[in-house]
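**Q** I am attaching a structure below and will ask some questions about it afterwards.
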Protein chains: 2
Amino acid sequence: MYRIGIDLGGTNIKAGLFNERGEIIERAMTPTGAWRHYTQILKDMADIALTCVKNAGVGLDEVLSVGVGSPGSVDNKNGVLIYSNNINFKNVPMRAELSRHMQKPIFMGNDADCAALGEYRLLGEDIEHMIFITLGTGVGGGIIINRKLYNGFNGAGGELGHMVLISGGEECSCGRRGCWEAYASVPALIRITMESAKNNPDGVIMQKVGGDISKIGGKDAFDAAREGDAEGLEIVNKWLFYVSEGLTSIINIFQPEVLVIGGAISKEGAFLLDPVSELISKNRYTRDISQTRLQLAKLGNDAGLVGAAFLE
Amino acid sequence: MYRIGIDLGGTNIKAGLFNERGEIIERAMTPTGAWRHYTQILKDMADIALTCVKNAGVGLDEVLSVGVGSPGSVDNKNGVLIYSNNINFKNVPMRAELSRHMQKPIFMGNDADCAALGEYRLLGEDIEHMIFITLGTGVGGGIIINRKLYNGFNGAGGELGHMVLISGGEECSCGRRGCWEAYASVPALIRITMESAKNNPDGVIMQKVGGDISKIGGKDAFDAAREGDAEGLEIVNKWLFYVSEGLTSIINIFQPEVLVIGGAISKEGAFLLDPVSELISKNRYTRDISQTRLQLAKLGNDAGLVGAAFLE
């Protein structure tokens with residue numbers, strides 16, 4: 001039997017057909033057109049999914065299930081996308097609407113949860129508990145407990161980016177002050193980089209962006225640090241400290257076998273993982289017992305698609 | 001069948017015999033004598049447990065299991081109390097040692113976990129996920145997920161007091177800076193009260209302790225606040241803000257049906273619960289969906305004993 005995964009993003013919709021070994025055998029993509037009515041967007045989702053099935057020469061009767069990953073709050077129990085600020089969806093009856101185009105069991109999940117599930121599939125069944133963290137525009141989390149996604153009683157759990165890191169601190173997109181996301185996201189890294197550049201008008205960072213602070217991106221400080229620039233290193237260390245502080249809390253709370261770090265910034269590799277591991281070792285609550293294994297995400301942009309396909 | 005619960009504390013050891021309805025039908029207590037060798041302490045634990053059985057006129061063959069709650073890190077899988085700073089235990093083979101005195105299945109748990117289990121039993125099987133928080137000398141946590149205690153892969157999870165609240169802030173007993181425990185424990189409340197009293201030598205707090213700052217306790221600010229004293233109210237509000245900040249994070253992470261607050265300070269009742277509920281409503285991540293129910297612990301000092309008896 002095959003499975004369909006659909007990844008609904010703010011810019012593009014991706015679909016993939018997976019075989020029983022979890023390999024992607026066909027894929028398709030189309031722009032989201034996020035301004036459109038949800039019925040049109042959901043029809044496109046079904047269309048590219050069915051295109052995958054057709055192009056693979058597979059019968060729809062050979063498809064076990066359809067899984068959809070979306071940003072925002074997802075109520076899989078009732079088949080409703082409660083809220084997504086990226087796509088302007090509110091209380092969209094996603095399952096009912098998709099069912100009009102595909103008479104298949106349809107499962108829904110939050111995008112970070114799907115990515116968590118995708119990465120979890122690579123770890124194997126020996127791992128009981130895993131936490132997935134994505135460091136990107138936001139800080140998202142996915143919780144696997146007893147080999148299953150954990151979401152709380154209302155499907156809205158796992159908002160690990162919205163535990164407080166500095167109570168009363170920086171404003172967060174969620175309206176609260178001091179959330180981990182306001183310190184460990186890529187926008188936070190950019191904010192810290194900008195503040196530093198302002199104070200170092202002759203520094204390497206400022207040179208990189210030709211004196212235009214507004215051009216500073218998430219990679220500039222890392223690039224400068226790699227080149228041995230002291231300012232770059234200081235910025236990166238400051239940001240990695242915030243990253244590690246949240247991860248340490250998560251380990252103290254969950255003690256998972258594995259903690260996986262994903263998101264664009266995870267491409268920095270050992271440059272990110274090594275200092276973070278060291279800070280966690282120094283600050284975690286438990287010392288003399290087995291410790292959580294820290295590792296970088298492996299699936300990259302496909303994690304959400306893979307995870308969506310294996311929702312259940 | 002009956003069950004035995006044993007609560008090993010820094011000052012006293014308590015034991016209770018429970019019937020099938022979870023009612024305590026016999027109890028016994030003895031001083032811990034924490035300075036003694038562990039074999040002696042464990043023998044006393046077995047002795048008072050067996051005394052309960054004898055006094056109840058029950059046969060040991062009618063006892064299903066023995067559960068022990070202890071402070072510190074407990075490895076139930078291997079039957080070892082890894083570490084407890086209150087009693088100076090390190091890698092104590094508790095199950096093996098207790099088995100010499102009682103040939104029964106012996107289960108072990110952390111005291112906060114036992115208290116969580118005790119409170120959970122009162123909620124009924126409809127509740128899938130519950131978080132228990134104890135505000136006392138420390139800030140402890142117990143996590144019930146899918147109707148079972150959750151402890152992480154190494155048995156050391158659930159250290160909710162050791163998520164960071166103000167990164168880089170006050171020193172915590174665990175060696176890290178800024179843990180929730182360093183802001184929401186009773187010692188933290190006392191610290192905040194002392195700081196305020198220092199700055200208000202003619203205030204109500206200072207009067208309450210006859211001008212001796214070292215006599216300030218955890219109740220003084222609450223007592224002053226209840227009397228309408230502005231200083232007392234300010235202290236209580238500051239501390240309750242810290243309490244609520246951690247609870248809000250926990251809700252954003254777990255979204256449990258119920259969050260139970262225990263510990264000595266929970267006796268402050270609505271005076272604690274009402275402002276904390278309001279702060280959480282204001283700051284939590286999710287708005288338009290079912291929300292976590294906040295309530296105070298009901299079992300008081302017996303929670304740990306009840307929970308220990310029902311470990312499995």
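Identifiers for the structure tokens are assigned positionally: chains receive A, B, ... in sequence, residues are indexed from 1 per chain, and ligands are indexed from 1 in the order shown.
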What lies within 8 Å of Ser70 of chain B using only C-alpha atoms, ignoring chain neighbours under 4 positions off, as a list in words?

**A**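 The neighbour list is Asp7, Leu8, Gly9, Val74, Ser84, Met108, Gly109, Asn110 and Asp111 of chain B.
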
**Q** If the cut-off is 8 Å, can you tell me the residues of chain A near chain B, counting only C-alpha atoms? I'd like them as number ranges by chain.

**A** A: 128-129, 151-160, 162-167, 174-176, 242, 245-246, 248-257, 283-286, 289-291

**Q** Can you check which residues of segment 103-279 of chain B DSSP gives as strand (DSSP E or B) on the backbone and send them as a PDB file with C-alpha atoms, in the first residue's frame?

**A**
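So the final result, stored in states_2.pdb, reads:
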```
ATOM      1  CA  ILE B 106       8.390  -3.293  44.979  1.00  0.00           C
ATOM      2  CA  PHE B 107       7.947  -0.153  42.902  1.00  0.00           C
ATOM      3  CA  MET B 108       9.826   3.092  43.351  1.00  0.00           C
ATOM      4  CA  GLY B 109       9.063   6.665  42.393  1.00  0.00           C
ATOM      5  CA  ASN B 110      10.175  10.229  42.910  1.00  0.00           C
ATOM      6  CA  MET B 130      -2.319  15.906  33.864  1.00  0.00           C
ATOM      7  CA  ILE B 131       0.557  17.981  35.182  1.00  0.00           C
ATOM      8  CA  PHE B 132       1.190  18.294  38.895  1.00  0.00           C
ATOM      9  CA  ILE B 133       3.307  21.116  40.271  1.00  0.00           C
ATOM     10  CA  THR B 134       4.434  21.357  43.851  1.00  0.00           C
ATOM     11  CA  LEU B 135       5.480  24.758  45.170  1.00  0.00           C
ATOM     12  CA  VAL B 139       9.449  23.424  42.603  1.00  0.00           C
ATOM     13  CA  GLY B 140       8.714  19.852  41.631  1.00  0.00           C
ATOM     14  CA  GLY B 141       6.701  18.363  38.853  1.00  0.00           C
ATOM     15  CA  GLY B 142       4.897  15.176  37.959  1.00  0.00           C
ATOM     16  CA  ILE B 143       3.750  14.407  34.443  1.00  0.00           C
ATOM     17  CA  ILE B 144       0.863  12.092  33.603  1.00  0.00           C
ATOM     18  CA  ILE B 145       0.593  11.372  29.895  1.00  0.00           C
ATOM     19  CA  LYS B 148       0.625   7.022  33.046  1.00  0.00           C
ATOM     20  CA  LEU B 149       3.531   8.697  34.804  1.00  0.00           C
ATOM     21  CA  TYR B 150       6.030  10.062  32.331  1.00  0.00           C
ATOM     22  CA  VAL B 164      14.803  28.349  32.920  1.00  0.00           C
ATOM     23  CA  ILE B 166      15.037  34.156  33.515  1.00  0.00           C
ATOM     24  CA  GLU B 171      21.350  31.072  41.143  1.00  0.00           C
ATOM     25  CA  ARG B 177      21.111  30.229  36.799  1.00  0.00           C
ATOM     26  CA  CYS B 179      15.530  28.208  36.895  1.00  0.00           C
ATOM     27  CA  VAL B 258      -5.789  19.511  34.217  1.00  0.00           C
ATOM     28  CA  LEU B 259      -2.927  21.275  35.949  1.00  0.00           C
ATOM     29  CA  VAL B 260      -2.832  20.643  39.708  1.00  0.00           C
ATOM     30  CA  ILE B 261      -0.924  22.934  42.069  1.00  0.00           C
ATOM     31  CA  GLY B 262       0.237  21.415  45.326  1.00  0.00           C
TER      32      GLY B 262
END
```

**Q** Mind listing the helix (DSSP H, G or I) residues of segment 53-212 of chain B, per DSSP on the backbone, as a PyMOL selection string?

**A** chain B and resi 53-55+60-62+94-99+111-123+160-162+181-184+186-199+204-208

**Q** Identify, on the basis of only C-alpha atoms, every residue whose closest approach to Gly5 of chain A does not exceed 8 Å; exclude the query and any residue fewer than 3 positions from it along the same chain; express the result as number ranges by chain.

**A** A: 15-18, 49, 66-69, 305-310

**Q** Counting only C-alpha atoms, what is within 7 Å of Val63 of chain A, bar same-chain residues fewer than 6 positions away, as a list in words?

**A**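 The neighbour list is Met1, Tyr2 and Arg3 of chain A.
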
**Q** What lies within 9 Å of segment 28-43 of chain B using only C-alpha atoms, ignoring chain neighbours under 5 positions off, as a PDB file with all heavy atoms, in the first residue's frame?

**A**
```pdb
ATOM      1  N   LEU B   8       9.180   8.163  51.952  1.00  0.00           N
ATOM      2  CA  LEU B   8      10.465   8.407  52.626  1.00  0.00           C
ATOM      3  C   LEU B   8      10.771   9.893  52.558  1.00  0.00           C
ATOM      4  O   LEU B   8      11.027  10.439  51.476  1.00  0.00           O
ATOM      5  CB  LEU B   8      11.566   7.601  51.919  1.00  0.00           C
ATOM      6  CG  LEU B   8      13.014   7.872  52.327  1.00  0.00           C
ATOM      7  CD1 LEU B   8      13.237   7.587  53.806  1.00  0.00           C
ATOM      8  CD2 LEU B   8      13.967   7.051  51.469  1.00  0.00           C
ATOM      9  N   GLY B   9      10.736  10.552  53.704  1.00  0.00           N
ATOM     10  CA  GLY B   9      11.031  11.984  53.739  1.00  0.00           C
ATOM     11  C   GLY B   9      12.334  12.254  54.476  1.00  0.00           C
ATOM     12  O   GLY B   9      12.902  11.353  55.099  1.00  0.00           O
ATOM     13  N   GLY B  10      12.798  13.481  54.421  1.00  0.00           N
ATOM     14  CA  GLY B  10      14.037  13.838  55.096  1.00  0.00           C
ATOM     15  C   GLY B  10      13.911  13.755  56.608  1.00  0.00           C
ATOM     16  O   GLY B  10      14.881  13.480  57.320  1.00  0.00           O
ATOM     17  N   THR B  11      12.677  13.945  57.121  1.00  0.00           N
ATOM     18  CA  THR B  11      12.457  13.958  58.566  1.00  0.00           C
ATOM     19  C   THR B  11      11.761  12.690  59.053  1.00  0.00           C
ATOM     20  O   THR B  11      12.164  12.091  60.044  1.00  0.00           O
ATOM     21  CB  THR B  11      11.581  15.182  58.936  1.00  0.00           C
ATOM     22  OG1 THR B  11      12.136  16.339  58.303  1.00  0.00           O
ATOM     23  CG2 THR B  11      11.559  15.396  60.438  1.00  0.00           C
ATOM     24  N   ASN B  12      10.713  12.291  58.347  1.00  0.00           N
ATOM     25  CA  ASN B  12       9.952  11.113  58.764  1.00  0.00           C
ATOM     26  C   ASN B  12       9.731  10.125  57.624  1.00  0.00           C
ATOM     27  O   ASN B  12       9.706  10.502  56.462  1.00  0.00           O
ATOM     28  CB  ASN B  12       8.563  11.538  59.283  1.00  0.00           C
ATOM     29  CG  ASN B  12       8.653  12.251  60.620  1.00  0.00           C
ATOM     30  OD1 ASN B  12       9.203  11.728  61.581  1.00  0.00           O
ATOM     31  ND2 ASN B  12       8.133  13.474  60.661  1.00  0.00           N
ATOM     32  N   ILE B  13       9.553   8.874  58.032  1.00  0.00           N
ATOM     33  CA  ILE B  13       9.096   7.850  57.103  1.00  0.00           C
ATOM     34  C   ILE B  13       7.639   7.562  57.447  1.00  0.00           C
ATOM     35  O   ILE B  13       7.310   7.344  58.609  1.00  0.00           O
ATOM     36  CB  ILE B  13       9.897   6.540  57.260  1.00  0.00           C
ATOM     37  CG1 ILE B  13      11.386   6.791  57.090  1.00  0.00           C
ATOM     38  CG2 ILE B  13       9.402   5.490  56.270  1.00  0.00           C
ATOM     39  CD1 ILE B  13      12.249   5.655  57.625  1.00  0.00           C
ATOM     40  N   LYS B  14       6.782   7.580  56.423  1.00  0.00           N
ATOM     41  CA  LYS B  14       5.382   7.246  56.648  1.00  0.00           C
ATOM     42  C   LYS B  14       5.027   6.005  55.829  1.00  0.00           C
ATOM     43  O   LYS B  14       5.547   5.827  54.732  1.00  0.00           O
ATOM     44  CB  LYS B  14       4.469   8.401  56.223  1.00  0.00           C
ATOM     45  CG  LYS B  14       4.618   9.622  57.111  1.00  0.00           C
ATOM     46  CD  LYS B  14       3.573  10.670  56.789  1.00  0.00           C
ATOM     47  CE  LYS B  14       3.991  11.499  55.586  1.00  0.00           C
ATOM     48  NZ  LYS B  14       3.059  12.611  55.318  1.00  0.00           N
ATOM     49  N   ALA B  15       4.168   5.182  56.400  1.00  0.00           N
ATOM     50  CA  ALA B  15       3.682   4.025  55.643  1.00  0.00           C
ATOM     51  C   ALA B  15       2.164   3.969  55.766  1.00  0.00           C
ATOM     52  O   ALA B  15       1.598   4.444  56.758  1.00  0.00           O
ATOM     53  CB  ALA B  15       4.297   2.733  56.166  1.00  0.00           C
ATOM     54  N   GLY B  16       1.509   3.434  54.750  1.00  0.00           N
ATOM     55  CA  GLY B  16       0.061   3.294  54.787  1.00  0.00           C
ATOM     56  C   GLY B  16      -0.369   2.019  54.085  1.00  0.00           C
ATOM     57  O   GLY B  16       0.276   1.579  53.128  1.00  0.00           O
ATOM     58  N   ILE B  48       7.793  -0.520  59.561  1.00  0.00           N
ATOM     59  CA  ILE B  48       6.513   0.179  59.773  1.00  0.00           C
ATOM     60  C   ILE B  48       5.470  -0.260  58.741  1.00  0.00           C
ATOM     61  O   ILE B  48       4.281  -0.273  59.030  1.00  0.00           O
ATOM     62  CB  ILE B  48       6.646   1.728  59.810  1.00  0.00           C
ATOM     63  CG1 ILE B  48       7.171   2.301  58.502  1.00  0.00           C
ATOM     64  CG2 ILE B  48       7.504   2.179  60.990  1.00  0.00           C
ATOM     65  CD1 ILE B  48       7.000   3.819  58.422  1.00  0.00           C
ATOM     66  N   ALA B  49       5.934  -0.655  57.558  1.00  0.00           N
ATOM     67  CA  ALA B  49       4.978  -1.171  56.567  1.00  0.00           C
ATOM     68  C   ALA B  49       4.357  -2.464  57.086  1.00  0.00           C
ATOM     69  O   ALA B  49       3.135  -2.656  57.042  1.00  0.00           O
ATOM     70  CB  ALA B  49       5.674  -1.403  55.241  1.00  0.00           C
ATOM     71  N   THR B  51       4.163  -3.402  60.145  1.00  0.00           N
ATOM     72  CA  THR B  51       3.324  -3.063  61.301  1.00  0.00           C
ATOM     73  C   THR B  51       1.908  -2.703  60.855  1.00  0.00           C
ATOM     74  O   THR B  51       0.919  -3.139  61.469  1.00  0.00           O
ATOM     75  CB  THR B  51       3.943  -1.863  62.070  1.00  0.00           C
ATOM     76  OG1 THR B  51       5.258  -2.225  62.482  1.00  0.00           O
ATOM     77  CG2 THR B  51       3.110  -1.505  63.291  1.00  0.00           C
ATOM     78  N   CYS B  52       1.815  -1.904  59.790  1.00  0.00           N
ATOM     79  CA  CYS B  52       0.490  -1.553  59.246  1.00  0.00           C
ATOM     80  C   CYS B  52      -0.301  -2.815  58.897  1.00  0.00           C
ATOM     81  O   CYS B  52      -1.483  -2.951  59.234  1.00  0.00           O
ATOM     82  CB  CYS B  52       0.629  -0.707  57.980  1.00  0.00           C
ATOM     83  SG  CYS B  52       1.131   0.989  58.265  1.00  0.00           S
ATOM     84  N   ASN B  86      18.569  15.130  50.324  1.00  0.00           N
ATOM     85  CA  ASN B  86      17.981  15.259  51.657  1.00  0.00           C
ATOM     86  C   ASN B  86      18.422  14.156  52.599  1.00  0.00           C
ATOM     87  O   ASN B  86      18.477  14.330  53.808  1.00  0.00           O
ATOM     88  CB  ASN B  86      16.449  15.206  51.588  1.00  0.00           C
ATOM     89  CG  ASN B  86      15.883  16.424  50.894  1.00  0.00           C
ATOM     90  OD1 ASN B  86      16.627  17.362  50.588  1.00  0.00           O
ATOM     91  ND2 ASN B  86      14.600  16.421  50.629  1.00  0.00           N
ATOM     92  N   ILE B  87      18.664  12.978  52.060  1.00  0.00           N
ATOM     93  CA  ILE B  87      18.917  11.817  52.925  1.00  0.00           C
ATOM     94  C   ILE B  87      20.321  11.272  52.692  1.00  0.00           C
ATOM     95  O   ILE B  87      20.728  10.287  53.293  1.00  0.00           O
ATOM     96  CB  ILE B  87      17.851  10.720  52.667  1.00  0.00           C
ATOM     97  CG1 ILE B  87      16.474  11.362  52.497  1.00  0.00           C
ATOM     98  CG2 ILE B  87      17.810   9.721  53.805  1.00  0.00           C
ATOM     99  CD1 ILE B  87      15.374  10.414  52.234  1.00  0.00           C
ATOM    100  N   ASN B  88      21.061  11.926  51.810  1.00  0.00           N
ATOM    101  CA  ASN B  88      22.429  11.493  51.558  1.00  0.00           C
ATOM    102  C   ASN B  88      22.526  10.080  51.017  1.00  0.00           C
ATOM    103  O   ASN B  88      23.436   9.327  51.367  1.00  0.00           O
ATOM    104  CB  ASN B  88      23.257  11.610  52.853  1.00  0.00           C
ATOM    105  CG  ASN B  88      24.470  12.469  52.608  1.00  0.00           C
ATOM    106  OD1 ASN B  88      25.024  12.438  51.500  1.00  0.00           O
ATOM    107  ND2 ASN B  88      24.876  13.235  53.593  1.00  0.00           N
ATOM    108  N   PHE B  89      21.553   9.702  50.184  1.00  0.00           N
ATOM    109  CA  PHE B  89      21.581   8.395  49.534  1.00  0.00           C
ATOM    110  C   PHE B  89      22.247   8.556  48.170  1.00  0.00           C
ATOM    111  O   PHE B  89      21.978   9.509  47.452  1.00  0.00           O
ATOM    112  CB  PHE B  89      20.152   7.879  49.310  1.00  0.00           C
ATOM    113  CG  PHE B  89      19.568   7.153  50.500  1.00  0.00           C
ATOM    114  CD1 PHE B  89      20.172   7.223  51.747  1.00  0.00           C
ATOM    115  CD2 PHE B  89      18.408   6.397  50.368  1.00  0.00           C
ATOM    116  CE1 PHE B  89      19.618   6.560  52.837  1.00  0.00           C
ATOM    117  CE2 PHE B  89      17.857   5.730  51.453  1.00  0.00           C
ATOM    118  CZ  PHE B  89      18.461   5.807  52.686  1.00  0.00           C
ATOM    119  N   VAL B  92      21.657   3.697  46.065  1.00  0.00           N
ATOM    120  CA  VAL B  92      21.202   2.738  47.067  1.00  0.00           C
ATOM    121  C   VAL B  92      20.323   1.680  46.397  1.00  0.00           C
ATOM    122  O   VAL B  92      19.344   2.014  45.744  1.00  0.00           O
ATOM    123  CB  VAL B  92      20.413   3.461  48.183  1.00  0.00           C
ATOM    124  CG1 VAL B  92      19.644   2.465  49.042  1.00  0.00           C
ATOM    125  CG2 VAL B  92      21.355   4.298  49.033  1.00  0.00           C
ATOM    126  N   MET B  94      17.676  -0.009  46.641  1.00  0.00           N
ATOM    127  CA  MET B  94      16.510  -0.005  47.509  1.00  0.00           C
ATOM    128  C   MET B  94      15.644  -1.242  47.331  1.00  0.00           C
ATOM    129  O   MET B  94      15.214  -1.869  48.306  1.00  0.00           O
ATOM    130  CB  MET B  94      15.684   1.256  47.253  1.00  0.00           C
ATOM    131  CG  MET B  94      14.595   1.464  48.277  1.00  0.00           C
ATOM    132  SD  MET B  94      13.616   2.937  47.915  1.00  0.00           S
ATOM    133  CE  MET B  94      14.507   4.181  48.837  1.00  0.00           C
ATOM    134  N   GLU B  97      17.297  -4.391  48.799  1.00  0.00           N
ATOM    135  CA  GLU B  97      17.384  -4.316  50.259  1.00  0.00           C
ATOM    136  C   GLU B  97      16.008  -4.500  50.900  1.00  0.00           C
ATOM    137  O   GLU B  97      15.864  -5.268  51.863  1.00  0.00           O
ATOM    138  CB  GLU B  97      17.995  -2.958  50.640  1.00  0.00           C
ATOM    139  CG  GLU B  97      18.363  -2.810  52.099  1.00  0.00           C
ATOM    140  CD  GLU B  97      19.454  -3.774  52.567  1.00  0.00           C
ATOM    141  OE1 GLU B  97      20.271  -4.216  51.730  1.00  0.00           O
ATOM    142  OE2 GLU B  97      19.443  -4.109  53.776  1.00  0.00           O
ATOM    143  N   LEU B  98      14.984  -3.817  50.354  1.00  0.00           N
ATOM    144  CA  LEU B  98      13.630  -3.962  50.911  1.00  0.00           C
ATOM    145  C   LEU B  98      13.108  -5.383  50.717  1.00  0.00           C
ATOM    146  O   LEU B  98      12.371  -5.902  51.559  1.00  0.00           O
ATOM    147  CB  LEU B  98      12.666  -2.966  50.257  1.00  0.00           C
ATOM    148  CG  LEU B  98      12.725  -1.515  50.751  1.00  0.00           C
ATOM    149  CD1 LEU B  98      11.748  -0.653  49.966  1.00  0.00           C
ATOM    150  CD2 LEU B  98      12.414  -1.427  52.250  1.00  0.00           C
ATOM    151  N   ARG B 100      14.611  -8.047  51.045  1.00  0.00           N
ATOM    152  CA  ARG B 100      15.087  -8.935  52.109  1.00  0.00           C
ATOM    153  C   ARG B 100      14.070  -8.994  53.249  1.00  0.00           C
ATOM    154  O   ARG B 100      13.996  -9.986  53.978  1.00  0.00           O
ATOM    155  CB  ARG B 100      16.433  -8.450  52.647  1.00  0.00           C
ATOM    156  CG  ARG B 100      17.559  -8.543  51.594  1.00  0.00           C
ATOM    157  CD  ARG B 100      18.891  -8.078  52.173  1.00  0.00           C
ATOM    158  NE  ARG B 100      19.126  -8.689  53.466  1.00  0.00           N
ATOM    159  CZ  ARG B 100      19.696  -8.086  54.503  1.00  0.00           C
ATOM    160  NH1 ARG B 100      20.115  -6.840  54.380  1.00  0.00           N
ATOM    161  NH2 ARG B 100      19.880  -8.710  55.643  1.00  0.00           N
ATOM    162  N   HIS B 101      13.300  -7.890  53.421  1.00  0.00           N
ATOM    163  CA  HIS B 101      12.337  -7.827  54.522  1.00  0.00           C
ATOM    164  C   HIS B 101      10.906  -8.126  54.088  1.00  0.00           C
ATOM    165  O   HIS B 101      10.076  -8.519  54.894  1.00  0.00           O
ATOM    166  CB  HIS B 101      12.385  -6.447  55.187  1.00  0.00           C
ATOM    167  CG  HIS B 101      13.766  -6.018  55.576  1.00  0.00           C
ATOM    168  ND1 HIS B 101      14.456  -6.605  56.614  1.00  0.00           N
ATOM    169  CD2 HIS B 101      14.600  -5.088  55.049  1.00  0.00           C
ATOM    170  CE1 HIS B 101      15.647  -6.041  56.722  1.00  0.00           C
ATOM    171  NE2 HIS B 101      15.766  -5.116  55.782  1.00  0.00           N
TER     172      HIS B 101
END
```

**Q** Considering only C-alpha atoms, can you say which of A:Ser99, A:Glu268, A:Leu279, A:Glu62 comes closest to Gly79 of chain A?

**A**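 Ranked by minimum distance to Gly79 of chain A, first place goes to A:Ser99.
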
**Q** Taking only C-alpha atoms into account, name the residue in B:Asn301, B:Asn55, B:Gln295, B:Ser65 that is nearest to Tyr120 of chain B.

**A**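 Smallest separation from Tyr120 of chain B among the options: B:Gln295.
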
**Q** Please identify all polymer residues within 7 Å of Gly218 of chain B, counting only C-alpha atoms, omitting same-chain residues fewer than 3 positions from it, and present them as a list in words.

**A**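 Here the answer would be Val186, Leu189 and Ile190 of chain B.
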
**Q** How many Å lie between atom CA of Pro93 of chain A and atom CA of Pro71 of chain A, rounded to one decimal?

**A**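 Taking atom CA of Pro93 of chain A as the start and atom CA of Pro71 of chain A as the end point, the length is 15.0 Å.
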
**Q** With only C-alpha atoms as the counted atoms, please give the residues lying no more than 9 Å from segment 222-239 of chain A, apart from itself and same-chain residues fewer than 4 positions off, as a PyMOL selection string.

**A** chain A and resi 183-185+188-189+192-193+196-197+200+203-205+208+218+243-244+268+271-272+275
